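Okay, so here's the structure we're looking at.
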Amino acid sequence: METRIPRRVAGLRGLTRRFGDRAVLDGLDLDIEGGEFIALLGRSGSGKSTLLRALAGLDRDLDGELSVGDSVAVAFQEPRLVPWKRVRANVALGLDVPDAGARADRALEEVGLSERADAWPLTLSGGEAQRASLARALVREPELLLLDEPFSALDALTRITVHQLVLDLWALHRPAVLLVTHDVDEALLLADRVLVLSEGRIAHEYAVTAPRPRHRDHPDLVNLRDRLLRALGVAACEHPTDPPEERR
Ligand SMILES: Nc1ncnc2c1ncn2[C@@H]1O[C@H](COP(=O)(O)OP(=O)(O)OP(=O)(O)O)[C@@H](O)[C@H]1O
């Protein structure tokens, strides 16, 4: 019988990041296994982006142990496309292989953006630009894909489409994903594991085992949403006996 041995793509032990006197990350431990989809929640200023920058190798002022493979790609909240390069060239940027153009075309096809390959970034819609940014991250076939609130600027309908796209791409390429988000429902719809960052550490961790595609009314998700909101220090969902003016 074949047993799957999880492959670790990142391991952090006692990771600490100080800004002046303040330790924003304070002895944080985290392991990321190959192929798992993690969502990272935390109050504003809790250090989510700081942790992501550490994992991306963009911050060297760290104490503790940080072991991350070379194969890491990041997509940020704003797509960060180079305006004077066409979409295909943006996707292929820094890709040092002979068939970079063909790979970029394949990645653009996967995100449904083939028709915009020769467009200038400024002519893309928000959703298209975000898909180009995903193609740029995925063309590197990363073992670890870091997503820093990539959906937060999208309108609700585009967001649903891009959620599905990310799940499809994840199923196809199976990178480990660490998604930073403010949105509890987004975390529950997408991730296998939801982490809450607080006081510089992973303070809470929840496994999400509901099968995909998920619906937000699934009883497991309703229950987890309540627990997550409490962990984040937000009042849990409205109660039928609440006075009307206190309801959302
Ligand atoms: N370069 C810096 N210099 C000084 N302080 C910083 C720097 N970068 C981040 N910080 C501080 O570290 C804390 C964590 O910031 P970070 O951006 O990681 O939080 P976050 O959880 O991603 O927040 P948000 O959800 O609002 O995006 C904040 O208080 C921030 O002001």
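Quick note on naming: the chains in the structure tokens go A, B, ... in the order shown, residues restart at 1 in each chain, and ligands are numbered from 1 in order of appearance.
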- Message: Give me the residues near Pro211 (chain A) as a list in words, where near means some atom within 10 Å (using only C-alpha atoms) and where sequence neighbours in that chain fewer than 3 positions away do not count.
- Response: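 Everything that qualifies: Leu189, Asp192, Val208, Arg214, His215 and His218 of chain A.
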- Message: Just want the residues within 10 Å of ligand 1, written as a ChimeraX atom specification, counting only C-alpha atoms and all ligand atoms.
- Response: /A:17-20,22-25,40-54,59,77,148-149,180-182,197-198,200
- Expected answer as JSON, numbers by chain: strand (DSSP E or B) residues in region 3-242 of chain A: {"A": [8, 9, 10, 11, 12, 13, 14, 15, 16, 17, 18, 19, 22, 23, 24, 25, 26, 27, 28, 29, 30, 31, 32, 33, 37, 38, 39, 40, 41, 42, 63, 64, 65, 66, 67, 68, 72, 73, 74, 75, 144, 145, 146, 147, 148, 176, 177, 178, 179, 180, 193, 194, 195, 196, 197, 198, 201, 202, 203, 204, 205, 206, 207]}
- Item | Spatial neighbours of Ala137 (chain A), max dist 7 Å, only C-alpha atoms, sep filter under 2 positions, as a VMD selection string | chain A and resid 73 to 75 133 to 135 139 to 140
- Task: Identify, on the basis of only C-alpha atoms, every residue whose closest approach to Glu33 (chain A) does not exceed 8 Å; exclude the query and any residue fewer than 4 positions from it along the same chain; express the result as number ranges by chain.
- Result: A: 6-10, 176
Grab the residues selected above and save them as a CSV table (one decimal), in the first residue's frame with N, CA and C atoms.
```csv
chain,number,residue,atom,x,y,z
A,6,PRO,N,4.1,13.5,3.6
A,6,PRO,CA,4.0,14.9,3.3
A,6,PRO,C,5.4,15.5,3.2
A,7,ARG,N,5.5,16.4,2.2
A,7,ARG,CA,6.8,17.1,1.9
A,7,ARG,C,6.7,18.5,2.5
A,8,ARG,N,7.6,18.9,3.3
A,8,ARG,CA,7.5,20.2,4.0
A,8,ARG,C,8.1,21.2,3.0
A,9,VAL,N,7.4,22.3,2.7
A,9,VAL,CA,8.0,23.3,1.9
A,9,VAL,C,8.4,24.5,2.6
A,10,ALA,N,8.0,24.6,3.9
A,10,ALA,CA,8.5,25.7,4.7
A,10,ALA,C,8.4,25.3,6.2
A,176,ALA,N,1.8,24.4,-2.5
A,176,ALA,CA,1.2,24.8,-1.2
A,176,ALA,C,0.8,26.3,-1.4
```
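Of the residues listed (A:Glu128, A:Leu195, A:Pro219, A:Leu122), A:Leu122 shows the shortest atom-to-atom separation from Val82 (chain A); distances use only C-alpha atoms.
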- Those of region 3-231 of chain A in DSSP helix (DSSP H, G or I), formatted as a ChimeraX atom specification: /A:48-55,87-92,100-110,114-116,121-123,126-138,156-173,184-190,219-231
Can you spit out the residues from that selection as a PDB file, in the first residue's frame, using C-alpha atoms?
```pdb
ATOM      1  CA  LYS A  48       0.320  38.922   8.327  1.00  0.00           C
ATOM      2  CA  SER A  49       2.176  40.786   5.585  1.00  0.00           C
ATOM      3  CA  THR A  50       5.344  40.761   7.671  1.00  0.00           C
ATOM      4  CA  LEU A  51       5.136  36.966   7.857  1.00  0.00           C
ATOM      5  CA  LEU A  52       4.455  36.702   4.138  1.00  0.00           C
ATOM      6  CA  ARG A  53       7.429  38.925   3.317  1.00  0.00           C
ATOM      7  CA  ALA A  54       9.622  36.718   5.510  1.00  0.00           C
ATOM      8  CA  LEU A  55       8.435  33.586   3.668  1.00  0.00           C
ATOM      9  CA  VAL A  87       0.867  41.275 -20.603  1.00  0.00           C
ATOM     10  CA  ARG A  88       2.808  38.303 -22.055  1.00  0.00           C
ATOM     11  CA  ALA A  89       6.155  39.992 -21.304  1.00  0.00           C
ATOM     12  CA  ASN A  90       4.973  40.743 -17.754  1.00  0.00           C
ATOM     13  CA  VAL A  91       4.169  37.086 -17.179  1.00  0.00           C
ATOM     14  CA  ALA A  92       7.521  35.982 -18.634  1.00  0.00           C
ATOM     15  CA  ALA A 100       9.694  31.641 -21.614  1.00  0.00           C
ATOM     16  CA  GLY A 101       7.232  33.110 -24.154  1.00  0.00           C
ATOM     17  CA  ALA A 102       5.512  29.761 -24.752  1.00  0.00           C
ATOM     18  CA  ARG A 103       5.272  29.135 -21.005  1.00  0.00           C
ATOM     19  CA  ALA A 104       3.798  32.577 -20.480  1.00  0.00           C
ATOM     20  CA  ASP A 105       1.217  31.856 -23.186  1.00  0.00           C
ATOM     21  CA  ARG A 106       0.300  28.585 -21.482  1.00  0.00           C
ATOM     22  CA  ALA A 107      -0.082  30.304 -18.113  1.00  0.00           C
ATOM     23  CA  LEU A 108      -2.236  33.016 -19.696  1.00  0.00           C
ATOM     24  CA  GLU A 109      -4.412  30.340 -21.256  1.00  0.00           C
ATOM     25  CA  GLU A 110      -4.860  28.680 -17.868  1.00  0.00           C
ATOM     26  CA  SER A 114      -4.977  34.403 -23.912  1.00  0.00           C
ATOM     27  CA  GLU A 115      -6.820  37.126 -25.783  1.00  0.00           C
ATOM     28  CA  ARG A 116      -5.164  39.832 -23.715  1.00  0.00           C
ATOM     29  CA  PRO A 121      -1.468  46.342 -18.427  1.00  0.00           C
ATOM     30  CA  LEU A 122      -3.269  49.683 -18.046  1.00  0.00           C
ATOM     31  CA  THR A 123      -6.017  48.509 -20.411  1.00  0.00           C
ATOM     32  CA  GLY A 126      -9.117  44.726 -12.142  1.00  0.00           C
ATOM     33  CA  GLY A 127     -10.034  41.049 -12.471  1.00  0.00           C
ATOM     34  CA  GLU A 128      -7.954  40.642 -15.636  1.00  0.00           C
ATOM     35  CA  ALA A 129      -4.934  42.287 -14.019  1.00  0.00           C
ATOM     36  CA  GLN A 130      -5.273  39.986 -11.017  1.00  0.00           C
ATOM     37  CA  ARG A 131      -5.438  36.965 -13.331  1.00  0.00           C
ATOM     38  CA  ALA A 132      -2.298  38.197 -15.135  1.00  0.00           C
ATOM     39  CA  SER A 133      -0.611  38.479 -11.753  1.00  0.00           C
ATOM     40  CA  LEU A 134      -1.639  34.885 -10.931  1.00  0.00           C
ATOM     41  CA  ALA A 135      -0.288  33.714 -14.301  1.00  0.00           C
ATOM     42  CA  ARG A 136       3.012  35.464 -13.535  1.00  0.00           C
ATOM     43  CA  ALA A 137       3.231  33.655 -10.195  1.00  0.00           C
ATOM     44  CA  LEU A 138       2.212  30.250 -11.577  1.00  0.00           C
ATOM     45  CA  ALA A 156     -18.110  40.500  -5.480  1.00  0.00           C
ATOM     46  CA  LEU A 157     -18.881  38.736  -8.772  1.00  0.00           C
ATOM     47  CA  THR A 158     -15.320  38.882 -10.091  1.00  0.00           C
ATOM     48  CA  ARG A 159     -14.128  37.678  -6.727  1.00  0.00           C
ATOM     49  CA  ILE A 160     -16.253  34.523  -6.944  1.00  0.00           C
ATOM     50  CA  THR A 161     -14.864  33.791 -10.422  1.00  0.00           C
ATOM     51  CA  VAL A 162     -11.271  34.323  -9.317  1.00  0.00           C
ATOM     52  CA  HIS A 163     -11.819  32.150  -6.206  1.00  0.00           C
ATOM     53  CA  GLN A 164     -12.877  29.290  -8.473  1.00  0.00           C
ATOM     54  CA  LEU A 165      -9.945  29.977 -10.773  1.00  0.00           C
ATOM     55  CA  VAL A 166      -7.495  29.793  -7.872  1.00  0.00           C
ATOM     56  CA  LEU A 167      -9.007  26.491  -6.716  1.00  0.00           C
ATOM     57  CA  ASP A 168      -8.785  25.098 -10.274  1.00  0.00           C
ATOM     58  CA  LEU A 169      -5.162  26.212 -10.646  1.00  0.00           C
ATOM     59  CA  TRP A 170      -4.324  24.825  -7.231  1.00  0.00           C
ATOM     60  CA  ALA A 171      -5.875  21.436  -8.175  1.00  0.00           C
ATOM     61  CA  LEU A 172      -3.891  21.454 -11.424  1.00  0.00           C
ATOM     62  CA  HIS A 173      -0.459  22.474 -10.115  1.00  0.00           C
ATOM     63  CA  VAL A 184     -13.356  34.808   7.152  1.00  0.00           C
ATOM     64  CA  ASP A 185     -15.731  33.387   4.513  1.00  0.00           C
ATOM     65  CA  GLU A 186     -13.029  33.472   1.855  1.00  0.00           C
ATOM     66  CA  ALA A 187     -10.716  31.564   4.210  1.00  0.00           C
ATOM     67  CA  LEU A 188     -13.400  28.948   4.934  1.00  0.00           C
ATOM     68  CA  LEU A 189     -14.399  28.507   1.286  1.00  0.00           C
ATOM     69  CA  LEU A 190     -10.851  28.016   0.034  1.00  0.00           C
ATOM     70  CA  PRO A 219     -22.966  23.413   9.044  1.00  0.00           C
ATOM     71  CA  ASP A 220     -19.227  22.813   9.576  1.00  0.00           C
ATOM     72  CA  LEU A 221     -18.446  26.211   8.087  1.00  0.00           C
ATOM     73  CA  VAL A 222     -21.132  27.973  10.116  1.00  0.00           C
ATOM     74  CA  ASN A 223     -19.641  26.501  13.253  1.00  0.00           C
ATOM     75  CA  LEU A 224     -16.063  27.347  12.264  1.00  0.00           C
ATOM     76  CA  ARG A 225     -17.061  30.889  11.274  1.00  0.00           C
ATOM     77  CA  ASP A 226     -18.356  31.496  14.796  1.00  0.00           C
ATOM     78  CA  ARG A 227     -15.185  30.142  16.360  1.00  0.00           C
ATOM     79  CA  LEU A 228     -12.990  32.142  14.013  1.00  0.00           C
ATOM     80  CA  LEU A 229     -14.853  35.375  14.645  1.00  0.00           C
ATOM     81  CA  ARG A 230     -14.458  34.813  18.375  1.00  0.00           C
ATOM     82  CA  ALA A 231     -10.748  34.066  17.916  1.00  0.00           C
TER      83      ALA A 231
END
```
- Message: Between CA of Leu28 (chain A) and CA of Glu78 (chain A), what is the distance in Å, rounded to a tenth?
- Response: 27.0 Å
- Message: My list of candidates is A:Phe151, A:Leu144, A:Thr16, A:Asp96. Which is closest to Asp61 (chain A) when distances are computed with only C-alpha atoms?
- Response: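 Answer, going by the shortest atom-to-atom distance: A:Thr16.
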